[in-house]
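Below is protein_14.cif, holding mmCIF, C-alpha atoms.
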```
data_model
#
loop_
_atom_site.label_atom_id
_atom_site.label_comp_id
_atom_site.auth_asym_id
_atom_site.auth_seq_id
_atom_site.Cartn_x
_atom_site.Cartn_y
_atom_site.Cartn_z
CA MET A 1 66.67 85.77 109.07
CA SER A 2 64.33 87.22 111.64
CA PRO A 3 60.84 87.40 110.18
CA THR A 4 60.31 90.75 111.88
CA LEU A 5 63.25 92.58 110.33
CA PRO A 6 63.51 91.51 106.72
CA ASN A 7 63.64 94.91 105.09
CA VAL A 8 67.30 95.76 105.70
CA LEU A 9 68.67 93.06 103.42
CA VAL A 10 68.18 92.52 99.71
CA THR A 11 69.43 89.63 97.62
CA THR A 12 71.69 89.87 94.60
CA ASP A 13 68.67 88.80 92.54
CA TRP A 14 66.66 91.74 93.86
CA VAL A 15 69.47 94.15 93.02
CA ALA A 16 69.81 92.73 89.50
CA GLN A 17 66.11 93.45 88.98
CA HIS A 18 65.77 96.79 90.76
CA ALA A 19 69.15 98.56 90.70
CA THR A 20 67.98 101.27 88.32
CA ASP A 21 64.39 101.60 89.53
CA THR A 22 63.12 105.08 90.27
CA GLY A 23 63.50 105.73 93.97
CA VAL A 24 66.32 103.20 94.38
CA ARG A 25 70.00 104.05 94.49
CA VAL A 26 72.64 101.32 94.71
CA VAL A 27 75.97 102.47 96.16
CA GLU A 28 79.24 100.54 96.33
CA VAL A 29 81.47 101.24 99.34
CA ASP A 30 84.72 99.28 99.44
CA VAL A 31 87.72 98.90 101.70
CA ASP A 32 89.80 99.00 98.54
CA THR A 33 88.54 102.24 97.08
CA THR A 34 89.63 101.20 93.58
CA ALA A 35 87.47 98.06 93.52
CA TYR A 36 84.58 99.92 91.87
CA ASP A 37 86.80 100.62 88.87
CA GLN A 38 87.29 96.87 88.36
CA GLY A 39 83.60 96.57 87.55
CA HIS A 40 80.53 97.33 89.60
CA VAL A 41 76.81 96.67 89.70
CA PRO A 42 75.35 98.44 86.65
CA GLY A 43 73.88 101.76 87.71
CA ALA A 44 75.68 101.81 91.05
CA ALA A 45 77.33 104.90 92.49
CA ARG A 46 80.58 104.80 94.44
CA TRP A 47 81.37 106.34 97.80
CA ASN A 48 84.92 106.54 99.07
CA TRP A 49 84.96 105.81 102.79
CA SER A 50 88.32 107.49 103.32
CA THR A 51 87.30 110.85 101.85
CA GLU A 52 83.50 110.94 101.74
CA LEU A 53 82.32 108.99 104.78
CA CYS A 54 84.45 110.71 107.39
CA ASP A 55 85.62 114.12 108.43
CA THR A 56 88.92 114.50 106.63
CA VAL A 57 90.36 116.97 109.16
CA VAL A 58 89.16 115.87 112.58
CA ARG A 59 88.86 112.14 113.22
CA ASP A 60 85.09 111.82 113.12
CA ILE A 61 82.18 110.51 111.09
CA VAL A 62 81.06 112.48 108.05
CA PRO A 63 79.84 115.96 109.02
CA LEU A 64 76.15 116.67 108.52
CA ALA A 65 76.60 119.20 105.70
CA ALA A 66 79.08 116.98 103.86
CA LEU A 67 76.64 114.07 104.00
CA GLU A 68 73.84 116.24 102.64
CA THR A 69 76.08 117.21 99.72
CA LEU A 70 77.18 113.61 99.09
CA LEU A 71 73.63 112.27 99.12
CA GLY A 72 72.35 115.11 96.95
CA LYS A 73 74.98 114.63 94.26
CA THR A 74 74.32 110.88 94.31
CA GLY A 75 70.72 111.63 93.36
CA ILE A 76 69.37 110.63 96.74
CA ASP A 77 66.60 112.41 98.62
CA ASN A 78 65.07 111.56 101.97
CA LYS A 79 62.68 109.05 100.43
CA THR A 80 65.20 107.13 98.35
CA THR A 81 65.82 103.45 99.06
CA ILE A 82 69.58 103.21 99.43
CA VAL A 83 71.11 99.79 98.78
CA LEU A 84 74.71 99.43 99.92
CA TYR A 85 77.22 96.77 99.02
CA GLY A 86 80.98 96.40 98.93
CA ASP A 87 84.03 94.22 99.24
CA ASN A 88 85.18 92.35 102.35
CA ASN A 89 81.67 91.05 102.98
CA ASN A 90 80.26 94.56 103.19
CA TRP A 91 82.54 96.00 105.88
CA PHE A 92 82.31 99.55 104.64
CA ALA A 93 78.79 99.10 103.33
CA ALA A 94 77.92 98.49 106.97
CA TRP A 95 79.99 101.55 107.94
CA ALA A 96 77.90 103.65 105.52
CA PHE A 97 74.69 102.03 106.80
CA TRP A 98 75.62 102.91 110.39
CA GLN A 99 76.27 106.56 109.52
CA LEU A 100 73.09 106.84 107.47
CA LYS A 101 71.13 105.55 110.46
CA ILE A 102 72.90 108.01 112.77
CA TYR A 103 71.68 110.75 110.45
CA GLY A 104 68.19 109.28 110.26
CA HIS A 105 67.80 107.94 106.73
CA GLN A 106 64.73 105.76 106.77
CA ASP A 107 65.24 103.17 104.06
CA VAL A 108 68.76 101.78 103.89
CA ARG A 109 69.49 98.19 102.95
CA ILE A 110 72.50 95.98 102.40
CA MET A 111 72.95 93.60 99.48
CA ASP A 112 73.44 90.26 101.20
CA GLY A 113 76.76 88.72 100.17
CA GLY A 114 78.14 91.99 98.82
CA ARG A 115 80.60 92.25 95.97
CA LYS A 116 81.94 88.76 96.66
CA LYS A 117 78.62 87.05 95.92
CA TRP A 118 77.82 89.26 92.94
CA LEU A 119 81.16 88.35 91.34
CA ALA A 120 80.96 84.66 92.20
CA GLU A 121 77.55 84.51 90.55
CA GLY A 122 79.03 85.91 87.33
CA ARG A 123 76.58 88.80 87.22
CA ASP A 124 76.91 91.80 84.93
CA LEU A 125 79.55 94.38 85.76
CA ALA A 126 79.75 97.93 84.43
CA THR A 127 82.80 100.17 84.24
CA ASP A 128 81.09 103.47 83.49
CA LYS A 129 80.51 106.09 86.16
CA PRO A 130 76.82 106.97 86.01
CA ALA A 131 75.74 110.57 86.49
CA PHE A 132 72.74 111.24 88.68
CA PRO A 133 70.32 114.17 88.69
CA GLU A 134 71.19 116.19 91.76
CA LYS A 135 68.66 116.20 94.57
CA THR A 136 68.22 118.07 97.81
CA TYR A 137 68.75 116.14 101.00
CA LYS A 138 68.01 117.32 104.52
CA VAL A 139 69.75 115.38 107.25
CA LYS A 140 68.16 114.97 110.66
CA ALA A 141 69.99 115.66 113.90
CA PRO A 142 72.42 112.83 114.57
CA ASP A 143 71.23 109.94 116.73
CA LEU A 144 74.28 109.40 118.88
CA SER A 145 72.65 106.54 120.77
CA LEU A 146 74.11 104.36 118.02
CA ARG A 147 77.67 105.46 118.71
CA ALA A 148 79.95 104.87 121.70
CA PHE A 149 82.68 107.32 122.68
CA LEU A 150 85.70 106.59 124.83
CA PRO A 151 84.27 107.60 128.24
CA GLU A 152 81.31 105.28 127.77
CA VAL A 153 83.60 102.41 126.82
CA GLN A 154 85.78 103.07 129.87
CA ASN A 155 82.67 103.03 132.05
CA ALA A 156 81.53 99.80 130.42
CA MET A 157 84.89 98.21 131.17
CA GLN A 158 84.71 99.26 134.81
CA SER A 159 81.07 98.56 135.53
CA LYS A 160 80.63 95.44 133.40
CA SER A 161 77.02 96.48 132.93
CA THR A 162 77.55 96.68 129.19
CA ALA A 163 78.95 93.84 127.11
CA LEU A 164 82.01 94.64 125.03
CA ILE A 165 82.58 92.67 121.82
CA ASP A 166 85.94 92.69 120.06
CA VAL A 167 85.21 91.67 116.47
CA ARG A 168 88.81 91.61 115.21
CA SER A 169 90.67 88.41 114.41
CA PRO A 170 91.87 86.21 117.29
CA GLN A 171 95.48 87.24 116.53
CA GLU A 172 94.60 90.92 116.87
CA PHE A 173 92.63 90.17 120.04
CA THR A 174 95.59 88.49 121.71
CA GLY A 175 98.04 91.13 120.54
CA GLU A 176 100.05 88.75 118.37
CA ILE A 177 99.59 91.25 115.55
CA LEU A 178 98.73 94.94 115.59
CA ALA A 179 96.80 95.06 112.31
CA PRO A 180 95.41 92.57 109.80
CA PRO A 181 98.24 90.90 107.84
CA GLY A 182 99.41 93.14 104.99
CA LEU A 183 97.91 96.33 106.42
CA PRO A 184 99.80 99.12 108.21
CA GLU A 185 100.12 98.98 111.98
CA THR A 186 98.10 101.81 113.47
CA CYS A 187 98.49 101.32 117.20
CA GLN A 188 101.21 101.33 119.80
CA ARG A 189 100.01 98.36 121.84
CA GLY A 190 98.35 95.06 121.02
CA GLY A 191 95.72 93.21 122.99
CA HIS A 192 92.12 94.02 123.83
CA ILE A 193 89.92 96.01 126.20
CA PRO A 194 89.75 94.18 129.53
CA GLY A 195 86.61 92.06 129.75
CA ALA A 196 85.82 92.15 126.02
CA LYS A 197 84.57 88.97 124.36
CA SER A 198 86.22 87.87 121.15
CA ILE A 199 83.59 87.25 118.47
CA PRO A 200 85.19 87.92 115.07
CA TRP A 201 82.86 89.65 112.63
CA GLY A 202 83.19 86.85 110.06
CA LYS A 203 81.48 84.33 112.29
CA ALA A 204 78.22 86.05 111.36
CA CYS A 205 78.66 85.17 107.69
CA ASN A 206 78.33 82.13 105.49
CA ASP A 207 81.06 81.15 103.03
CA ASP A 208 79.29 82.95 100.18
CA GLY A 209 79.35 86.21 102.14
CA THR A 210 75.68 86.20 103.12
CA PHE A 211 74.59 86.62 106.71
CA LYS A 212 73.81 83.54 108.75
CA SER A 213 70.25 82.77 109.77
CA TYR A 214 68.55 84.44 112.72
CA GLU A 215 68.78 81.23 114.74
CA ASP A 216 72.47 80.72 113.99
CA LEU A 217 73.26 84.33 114.87
CA LYS A 218 71.31 84.15 118.10
CA LYS A 219 73.21 80.99 119.02
CA LEU A 220 76.59 82.52 118.09
CA TYR A 221 76.24 85.57 120.30
CA GLY A 222 74.18 83.87 122.98
CA ALA A 223 76.96 81.34 123.52
CA GLN A 224 79.19 84.21 124.63
CA GLY A 225 76.54 85.76 126.84
CA ILE A 226 75.63 88.48 124.36
CA THR A 227 71.87 88.84 124.63
CA ALA A 228 69.33 91.54 123.93
CA ASP A 229 68.65 92.27 127.60
CA LYS A 230 72.07 93.87 128.15
CA PRO A 231 73.60 96.88 126.36
CA VAL A 232 76.35 96.02 123.89
CA ILE A 233 79.29 97.96 122.48
CA ALA A 234 81.17 96.51 119.50
CA TYR A 235 84.65 97.58 118.45
CA CYS A 236 87.40 96.55 116.03
CA ARG A 237 90.43 98.48 114.74
CA ILE A 238 88.91 101.51 113.00
CA GLY A 239 85.19 100.91 113.38
CA GLU A 240 84.10 99.38 110.11
CA ARG A 241 84.16 95.70 111.06
CA SER A 242 82.35 96.61 114.26
CA SER A 243 79.69 98.45 112.26
CA HIS A 244 79.15 95.10 110.50
CA THR A 245 78.58 93.41 113.87
CA TRP A 246 76.50 96.39 115.03
CA PHE A 247 74.28 95.85 111.97
CA VAL A 248 73.91 92.16 112.78
CA LEU A 249 72.99 92.76 116.41
CA LYS A 250 70.68 95.72 115.85
CA TYR A 251 68.97 94.84 112.59
CA LEU A 252 69.22 91.06 112.19
CA LEU A 253 68.83 90.12 115.84
CA GLY A 254 66.80 93.15 116.89
CA PHE A 255 68.87 94.30 119.90
CA ASP A 256 67.64 97.68 121.15
CA ASN A 257 70.76 98.93 122.84
CA VAL A 258 73.86 98.32 120.74
CA LYS A 259 76.52 100.85 119.85
CA ASN A 260 79.51 100.98 117.56
CA TYR A 261 82.72 102.26 119.17
CA ASP A 262 84.33 103.69 116.04
CA GLY A 263 87.36 104.94 117.96
CA SER A 264 88.08 101.25 118.37
CA TRP A 265 91.60 99.87 118.79
CA THR A 266 93.24 102.76 116.96
CA GLU A 267 92.03 104.91 119.85
CA TRP A 268 92.29 102.50 122.78
CA GLY A 269 95.60 100.95 121.67
CA ASN A 270 97.23 104.36 121.45
CA LEU A 271 96.08 105.85 124.75
CA VAL A 272 98.62 106.45 127.47
CA GLY A 273 97.93 104.67 130.72
CA VAL A 274 94.77 102.73 129.87
CA GLN A 275 94.44 99.06 130.72
CA VAL A 276 95.08 96.50 128.01
CA GLU A 277 94.42 92.81 128.44
CA LYS A 278 96.61 90.14 126.86
CA PRO A 279 96.11 87.55 125.61
CA MET B 1 79.67 92.87 80.58
CA LYS B 2 79.98 89.63 82.42
CA PRO B 3 83.16 88.69 84.29
CA GLU B 4 84.91 85.72 82.76
CA ASP B 5 87.40 83.14 83.94
CA TYR B 6 86.55 83.80 87.60
CA SER B 7 88.56 82.00 90.24
CA ARG B 8 88.97 82.26 93.98
CA HIS B 9 91.37 80.15 95.98
CA GLN B 10 93.53 80.19 99.09
CA GLN B 11 97.25 79.67 99.51
CA GLU B 12 100.02 80.64 101.89
CA LEU B 13 102.31 83.57 101.24
CA ALA B 14 105.11 84.76 103.52
CA GLY B 15 103.65 82.68 106.33
CA TRP B 16 100.12 84.02 106.03
CA ALA B 17 96.98 82.48 104.54
CA ILE B 18 95.65 84.57 101.67
CA THR B 19 92.76 84.49 99.23
CA ILE B 20 93.44 85.19 95.57
CA GLU B 21 90.48 86.32 93.48
CA THR B 22 90.91 86.83 89.75
CA TYR B 23 88.56 87.52 86.86
CA LYS B 24 88.63 88.98 83.39
CA LEU B 25 86.48 91.96 82.47
CA GLY B 26 86.75 93.07 78.87
CA ASP B 27 90.42 92.76 77.97
CA VAL B 28 91.75 93.14 81.50
CA TYR B 29 92.42 90.58 84.18
CA HIS B 30 91.85 91.90 87.71
CA CYS B 31 93.49 90.17 90.65
CA THR B 32 92.86 90.94 94.32
CA ILE B 33 94.62 89.52 97.35
CA ALA B 34 92.98 89.39 100.78
CA ASN B 35 94.18 87.96 104.06
CA VAL B 36 92.05 84.96 105.10
CA ASP B 37 91.71 86.25 108.63
CA PRO B 38 90.20 88.79 109.03
CA GLY B 39 89.42 88.85 105.30
CA ALA B 40 90.70 92.27 104.24
CA ARG B 41 91.77 93.10 100.69
CA PHE B 42 95.25 94.55 100.80
CA ALA B 43 96.84 94.16 97.35
CA ARG B 44 95.66 94.09 93.78
CA ALA B 45 96.93 94.36 90.23
CA ASP B 46 95.68 94.25 86.66
CA GLY B 47 97.21 92.48 83.67
CA THR B 48 96.57 91.37 80.13
CA THR B 49 96.75 87.74 81.27
CA ARG B 50 95.78 85.93 84.46
CA GLU B 51 99.43 85.09 85.09
CA GLU B 52 100.53 88.69 84.80
CA ALA B 53 97.79 90.06 87.07
CA GLU B 54 98.39 87.41 89.72
CA ARG B 55 102.18 87.73 89.58
CA LEU B 56 102.01 91.49 90.09
CA ALA B 57 99.42 91.26 92.85
CA LEU B 58 101.33 88.52 94.67
CA ALA B 59 104.54 90.55 94.52
CA LYS B 60 102.79 93.50 96.18
CA ALA B 61 101.13 91.23 98.71
CA GLU B 62 104.42 89.62 99.68
CA ARG B 63 105.98 93.03 100.19
CA TYR B 64 103.15 94.18 102.44
CA LEU B 65 103.02 90.91 104.38
CA SER B 66 106.73 91.05 105.09
CA GLN B 67 106.05 94.21 107.11
CA THR B 68 103.55 92.51 109.40
CA ARG B 69 105.19 91.79 112.73
CA ARG B 70 104.26 88.98 115.08
CA PHE B 71 104.57 89.59 118.81
CA THR B 72 104.85 87.05 121.59
CA THR B 73 101.71 87.02 123.69
#
```

Show me the file's structure as structure tokens.
Amino acid sequence: MSPTLPNVLVTTDWVAQHATDTGVRVVEVDVDTTAYDQGHVPGAARWNWSTELCDTVVRDIVPLAALETLLGKTGIDNKTTIVLYGDNNNWFAAWAFWQLKIYGHQDVRIMDGGRKKWLAEGRDLATDKPAFPEKTYKVKAPDLSLRAFLPEVQNAMQSKSTALIDVRSPQEFTGEILAPPGLPETCQRGGHIPGAKSIPWGKACNDDGTFKSYEDLKKLYGAQGITADKPVIAYCRIGERSSHTWFVLKYLLGFDNVKNYDGSWTEWGNLVGVQVEKP
Amino acid sequence: MKPEDYSRHQQELAGWAITIETYKLGDVYHCTIANVDPGARFARADGTTREEAERLALAKAERYLSQTRRFTT
């Protein structure tokens, strides 16, 4: 990993030793919101991405006040070190990381390898739901430079001054399927945003779920012309896989200008009259 | 508690590659099914034996996978 940005990842060993330290809060965030109940890192809290990390009325990220409440009841204040992990190689852990950075939390980290590595290593699992002393959290104004909205993506497509990365599977990229196998279809059209490069999120990971080395990551994205000197927008289907790639580009490779388009294919693939490229 | 009897392997189901992950925690076997690409969990079940948990999870997975349409590109 880049020697200049080591403090956003922690190992499973580190978590085993520090999960219940004062000033540290480990939080599990899964795609499958029941995974926590099948055993979790001892002392870890659980956040539900579908009810707690979004606006449940308007399609949007978690509102400022709701995040303050969530963090407070999880025993987190502005100085807490938050360590996130989850299933699917940390898809929604990265989603939570992205939102916490939008709202300015200083010390957020991801457990490298996520739930997959923790389980494969046969580490302790707890089934209790720990209670935390409530704290007061004050969120900063959102930093929307980390987030791309539709007009910016449309401009990027037209101007080609910003690189677009589609991090879904090759079959989603070509339009052969409309959603990952076994999951509900959530769009009207398949394909991808014209000009987008296909670099599936999983290419950034090793078999054990950990992130690849700095050199390997640089080579992976560089081979597709994705370099730090050009703005980048990543997208997927609903924005969580692309937050994983956003994390890789911004925090493991150190790109300055990279945004997550959380509207992603569920927005683009449902719009009337926009261009879609196939395959 | 430590998970016991952990296994993770791939197979094909309804024309799709899947990963089956199973382990025992306490008295319960937990089984989770994920698609290999892109790697999303989409079915799971619990059971008192490995066979029961996997049979129930695979039945759900097959049902969900049968609803995934393939389009000509």

Check: atom CA of A:Thr245 and atom CA of A:Glu28, how far apart in Å?
Finding: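 Calculated distance between atom CA of A:Glu28 and atom CA of A:Thr245 is 18.9 Å.
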
Note to self: For a test of reading the model, state the distance in Å between atom CA of B:Ile20 and atom CA of B:Ala34, rounded to one decimal.
What the structure shows: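 So the two atoms, atom CA of B:Ile20 and atom CA of B:Ala34, lie 6.7 Å apart.
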
Check: So which residues touch A:Ala156 within 12 Å, counting all atoms listed in the file, skipping near sequence neighbours fewer than 2 positions away, as a ChimeraX atom specification?
Finding: /A:148-154,158-165,193-196,230-234,259,261

Dump of C-alpha atoms for the selected residues, as an mmCIF file, keeping the file's coordinate frame:
```
data_model
loop_
_atom_site.group_PDB
_atom_site.id
_atom_site.type_symbol
_atom_site.label_atom_id
_atom_site.label_comp_id
_atom_site.auth_asym_id
_atom_site.auth_seq_id
_atom_site.Cartn_x
_atom_site.Cartn_y
_atom_site.Cartn_z
ATOM 1 C CA ALA A 148 79.950 104.870 121.700
ATOM 2 C CA PHE A 149 82.680 107.320 122.680
ATOM 3 C CA LEU A 150 85.700 106.590 124.830
ATOM 4 C CA PRO A 151 84.270 107.600 128.240
ATOM 5 C CA GLU A 152 81.310 105.280 127.770
ATOM 6 C CA VAL A 153 83.600 102.410 126.820
ATOM 7 C CA GLN A 154 85.780 103.070 129.870
ATOM 8 C CA GLN A 158 84.710 99.260 134.810
ATOM 9 C CA SER A 159 81.070 98.560 135.530
ATOM 10 C CA LYS A 160 80.630 95.440 133.400
ATOM 11 C CA SER A 161 77.020 96.480 132.930
ATOM 12 C CA THR A 162 77.550 96.680 129.190
ATOM 13 C CA ALA A 163 78.950 93.840 127.110
ATOM 14 C CA LEU A 164 82.010 94.640 125.030
ATOM 15 C CA ILE A 165 82.580 92.670 121.820
ATOM 16 C CA ILE A 193 89.920 96.010 126.200
ATOM 17 C CA PRO A 194 89.750 94.180 129.530
ATOM 18 C CA GLY A 195 86.610 92.060 129.750
ATOM 19 C CA ALA A 196 85.820 92.150 126.020
ATOM 20 C CA LYS A 230 72.070 93.870 128.150
ATOM 21 C CA PRO A 231 73.600 96.880 126.360
ATOM 22 C CA VAL A 232 76.350 96.020 123.890
ATOM 23 C CA ILE A 233 79.290 97.960 122.480
ATOM 24 C CA ALA A 234 81.170 96.510 119.500
ATOM 25 C CA LYS A 259 76.520 100.850 119.850
ATOM 26 C CA TYR A 261 82.720 102.260 119.170
#
```

Note to self: Based on all atoms listed in the file, which of the residues in chain B come within 8 Å of chain A? I want them as number ranges by chain.
What the structure shows: B: 1-4, 6, 16, 25, 30, 35, 37-42, 61, 64-73

Could you take the residues named above and write them with C-alpha atoms, as a tab-separated table (two decimals), in the coordinates of the input?
```
chain	number	residue	atom	x	y	z
B	1	MET	CA	79.67	92.87	80.58
B	2	LYS	CA	79.98	89.63	82.42
B	3	PRO	CA	83.16	88.69	84.29
B	4	GLU	CA	84.91	85.72	82.76
B	6	TYR	CA	86.55	83.80	87.60
B	16	TRP	CA	100.12	84.02	106.03
B	25	LEU	CA	86.48	91.96	82.47
B	30	HIS	CA	91.85	91.90	87.71
B	35	ASN	CA	94.18	87.96	104.06
B	37	ASP	CA	91.71	86.25	108.63
B	38	PRO	CA	90.20	88.79	109.03
B	39	GLY	CA	89.42	88.85	105.30
B	40	ALA	CA	90.70	92.27	104.24
B	41	ARG	CA	91.77	93.10	100.69
B	42	PHE	CA	95.25	94.55	100.80
B	61	ALA	CA	101.13	91.23	98.71
B	64	TYR	CA	103.15	94.18	102.44
B	65	LEU	CA	103.02	90.91	104.38
B	66	SER	CA	106.73	91.05	105.09
B	67	GLN	CA	106.05	94.21	107.11
B	68	THR	CA	103.55	92.51	109.40
B	69	ARG	CA	105.19	91.79	112.73
B	70	ARG	CA	104.26	88.98	115.08
B	71	PHE	CA	104.57	89.59	118.81
B	72	THR	CA	104.85	87.05	121.59
B	73	THR	CA	101.71	87.02	123.69
```

Notebook entry, point to check: Just how far from atom CA of A:Glu52 is atom CA of A:Glu134, in Å to one decimal?
Noted result: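 Atom CA of A:Glu52 lies at a distance of 16.7 Å from atom CA of A:Glu134.
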